[in-house]
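The structure file model-v7.pdb is reproduced below (PDB, C-alpha atoms).
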```
ATOM      1  CA  MET A   1       1.582 -19.477  -0.247
ATOM      2  CA  THR A   2       5.374 -19.597  -0.421
ATOM      3  CA  THR A   3       7.801 -17.800  -2.664
ATOM      4  CA  THR A   4      10.288 -19.397  -5.019
ATOM      5  CA  ASP A   5      12.877 -19.391  -2.231
ATOM      6  CA  GLY A   6      10.494 -21.379   0.001
ATOM      7  CA  THR A   7       9.720 -18.663   2.534
ATOM      8  CA  HIS A   8       6.328 -17.190   3.215
ATOM      9  CA  PRO A   9       6.068 -13.495   2.237
ATOM     10  CA  ARG A  10       4.956 -12.618   5.800
ATOM     11  CA  HIS A  11       8.628 -12.873   6.757
ATOM     12  CA  ARG A  12       9.256  -9.783   4.604
ATOM     13  CA  LEU A  13       6.624  -7.657   6.352
ATOM     14  CA  ASP A  14       8.118  -4.713   8.199
ATOM     15  CA  ASP A  15       7.354  -5.060  11.922
ATOM     16  CA  LEU A  16       7.343  -1.291  12.337
ATOM     17  CA  LEU A  17       4.640  -0.915   9.689
ATOM     18  CA  GLN A  18       2.397  -3.579  11.241
ATOM     19  CA  ASN A  19       1.051  -0.935  13.639
ATOM     20  CA  PRO A  20      -2.133   0.557  12.110
ATOM     21  CA  VAL A  21      -1.265   4.158  13.028
ATOM     22  CA  ARG A  22       2.291   3.950  11.648
ATOM     23  CA  PHE A  23       0.936   2.174   8.551
ATOM     24  CA  SER A  24      -1.577   5.000   8.047
ATOM     25  CA  VAL A  25       1.013   7.740   8.621
ATOM     26  CA  VAL A  26       3.410   6.263   6.074
ATOM     27  CA  ALA A  27       0.560   5.748   3.575
ATOM     28  CA  ALA A  28      -0.462   9.402   3.913
ATOM     29  CA  LEU A  29       3.115  10.607   3.498
ATOM     30  CA  ASP A  30       3.674   8.329   0.503
ATOM     31  CA  HIS A  31       0.783  10.015  -1.276
ATOM     32  CA  ALA A  32       1.531  13.585  -0.243
ATOM     33  CA  GLY A  33       5.296  13.810   0.201
ATOM     34  CA  THR A  34       5.366  16.286   3.087
ATOM     35  CA  LEU A  35       2.475  17.027   5.416
ATOM     36  CA  GLY A  36       2.031  19.122   8.513
ATOM     37  CA  PHE A  37       1.653  17.357  11.841
ATOM     38  CA  ARG A  38      -1.962  18.518  12.129
ATOM     39  CA  GLU A  39      -2.785  17.296   8.631
ATOM     40  CA  VAL A  40      -1.446  13.836   9.439
ATOM     41  CA  ARG A  41      -3.180  13.805  12.819
ATOM     42  CA  ASP A  42      -6.514  14.633  11.214
ATOM     43  CA  ALA A  43      -5.997  12.206   8.320
ATOM     44  CA  VAL A  44      -5.271   9.224  10.575
ATOM     45  CA  GLU A  45      -7.735  10.324  13.276
ATOM     46  CA  VAL A  46      -5.522  10.105  16.366
ATOM     47  CA  THR A  47      -4.601  12.418  19.224
ATOM     48  CA  ASP A  48      -1.497  14.603  19.167
ATOM     49  CA  SER A  49       0.196  12.412  21.775
ATOM     50  CA  ALA A  50      -0.600   9.162  19.954
ATOM     51  CA  LEU A  51       0.732  10.560  16.681
ATOM     52  CA  SER A  52       3.818  11.986  18.356
ATOM     53  CA  LYS A  53       4.685   8.586  19.823
ATOM     54  CA  GLN A  54       4.291   6.796  16.485
ATOM     55  CA  VAL A  55       6.171   9.479  14.542
ATOM     56  CA  SER A  56       9.036   9.182  17.036
ATOM     57  CA  ALA A  57       9.270   5.450  16.283
ATOM     58  CA  LEU A  58       9.237   6.107  12.524
ATOM     59  CA  GLU A  59      11.842   8.854  12.882
ATOM     60  CA  ALA A  60      14.109   6.618  14.998
ATOM     61  CA  ALA A  61      13.954   3.987  12.255
ATOM     62  CA  GLY A  62      14.885   6.588   9.642
ATOM     63  CA  TYR A  63      11.521   6.287   7.859
ATOM     64  CA  VAL A  64      10.270   9.812   8.541
ATOM     65  CA  SER A  65      12.022  13.159   8.706
ATOM     66  CA  VAL A  66      10.607  15.699  11.166
ATOM     67  CA  ALA A  67      11.194  19.407  10.584
ATOM     68  CA  LYS A  68      10.202  22.137  13.003
ATOM     69  CA  GLY A  69       9.811  25.739  12.048
ATOM     70  CA  PHE A  70       7.580  28.769  12.330
ATOM     71  CA  VAL A  71       4.966  30.388  10.136
ATOM     72  CA  GLY A  72       5.009  33.866  11.558
ATOM     73  CA  LYS A  73       5.027  33.239  15.284
ATOM     74  CA  THR A  74       3.156  29.953  15.060
ATOM     75  CA  PRO A  75       5.233  26.781  15.414
ATOM     76  CA  ARG A  76       4.824  24.213  12.664
ATOM     77  CA  THR A  77       6.013  20.628  12.444
ATOM     78  CA  SER A  78       6.224  18.925   9.064
ATOM     79  CA  LEU A  79       6.679  15.236   8.336
ATOM     80  CA  THR A  80       8.338  13.808   5.233
ATOM     81  CA  LEU A  81       8.793  10.191   4.199
ATOM     82  CA  THR A  82      12.511   9.498   3.723
ATOM     83  CA  ARG A  83      14.028   7.431   0.938
ATOM     84  CA  ALA A  84      14.479   4.552   3.408
ATOM     85  CA  GLY A  85      10.880   4.950   4.553
ATOM     86  CA  ARG A  86       9.588   4.848   1.000
ATOM     87  CA  ALA A  87      11.637   1.708   0.255
ATOM     88  CA  ALA A  88      10.353   0.006   3.418
ATOM     89  CA  TRP A  89       6.781   1.003   2.545
ATOM     90  CA  ARG A  90       7.043  -0.367  -0.986
ATOM     91  CA  ALA A  91       8.572  -3.657   0.227
ATOM     92  CA  HIS A  92       5.888  -4.003   2.903
ATOM     93  CA  LEU A  93       3.108  -3.428   0.358
ATOM     94  CA  ALA A  94       4.679  -5.909  -2.055
ATOM     95  CA  ALA A  95       4.718  -8.576   0.671
ATOM     96  CA  LEU A  96       1.072  -7.835   1.532
ATOM     97  CA  ARG A  97       0.090  -8.123  -2.122
ATOM     98  CA  GLU A  98       1.961 -11.392  -2.419
ATOM     99  CA  ILE A  99       0.184 -12.765   0.647
ATOM    100  CA  ALA A 100      -3.202 -11.670  -0.712
ATOM    101  CA  GLY A 101      -2.289 -13.202  -4.050
ATOM    102  CA  PRO A 102      -4.250 -13.010  -7.257
ATOM    103  CA  PRO A 103      -7.978 -13.603  -7.043
ATOM    104  CA  ASP A 104      -8.891 -17.293  -7.201
ATOM    105  CA  ALA A 105     -10.711 -18.368 -10.315
ATOM    106  CA  ASP A 106     -12.733 -20.782  -8.141
ATOM    107  CA  ARG A 107     -14.423 -17.996  -6.137
TER
END
```
Could I get this structure in the form of structure tokens?
Amino acid sequence: MTTTDGTHPRHRLDDLLQNPVRFSVVAALDHAGTLGFREVRDAVEVTDSALSKQVSALEAAGYVSVAKGFVGKTPRTSLTLTRAGRAAWRAHLAALREIAGPPDADR
């Protein structure tokens, strides 16, 4: 499948979002807006260190905002999808949908 400009939609996939953990983190944040670190960790079923590494990559790209604070004396980290992250997510999903294409009538 090629687009009207002659390029395959896979060229529009975001390399950063090809990683399953980062993909899952951004999907969760797209649905929820802001989530706590623990909520994301539990939702995507990874360890703290694995999530921290992937969140750092998303933050460096400007896709996720990380805020640290306290609830009482307990430290809390919250993650929010940025405007740039949401745009990248939407473009990535659009490319995936284009690759998958409409269902074939022949199937």
Ala88 (chain A) environment, 10 Å, all atoms listed in the file, sequence neighbours closer than 4 positions dropped, as a ChimeraX atom specification: /A:12-14,16-17,26,63,82-84,92-94
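The shortest atom-to-atom distance to Leu29 (chain A), with all atoms listed in the file taken into account, belongs to A:Leu81 out of A:Leu58, A:Val71, A:Val46, A:Leu81.
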Pick from A:Thr34, A:Ala43, A:Pro9, A:Pro20 nearest to Ala67 (chain A), counting only C-alpha atoms: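 Among the listed residues, A:Thr34 lies closest to Ala67 (chain A).
When the PyMOL selection byres ((chain A and resi 78) around 7) is evaluated against the file, it yields Thr34, Leu35, Gly36, Phe37, Val66, Ala67, Lys68, Arg76, Thr77, Leu79 and Thr80 of chain A.
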Please, could you write that set of residues out with C-alpha atoms as a PDB file, in the coordinates of the input?
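selection.pdb was written with the following content:
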```pdb
ATOM      1  CA  THR A  34       5.366  16.286   3.087  1.00  0.00           C
ATOM      2  CA  LEU A  35       2.475  17.027   5.416  1.00  0.00           C
ATOM      3  CA  GLY A  36       2.031  19.122   8.513  1.00  0.00           C
ATOM      4  CA  PHE A  37       1.653  17.357  11.841  1.00  0.00           C
ATOM      5  CA  VAL A  66      10.607  15.699  11.166  1.00  0.00           C
ATOM      6  CA  ALA A  67      11.194  19.407  10.584  1.00  0.00           C
ATOM      7  CA  LYS A  68      10.202  22.137  13.003  1.00  0.00           C
ATOM      8  CA  ARG A  76       4.824  24.213  12.664  1.00  0.00           C
ATOM      9  CA  THR A  77       6.013  20.628  12.444  1.00  0.00           C
ATOM     10  CA  LEU A  79       6.679  15.236   8.336  1.00  0.00           C
ATOM     11  CA  THR A  80       8.338  13.808   5.233  1.00  0.00           C
TER      12      THR A  80
END
```
Straight-line distance linking CA of Thr47 (chain A) with CA of Gly72 (chain A), stated in Å to one decimal: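 Separation between CA of Thr47 (chain A) and CA of Gly72 (chain A): 24.7 Å.
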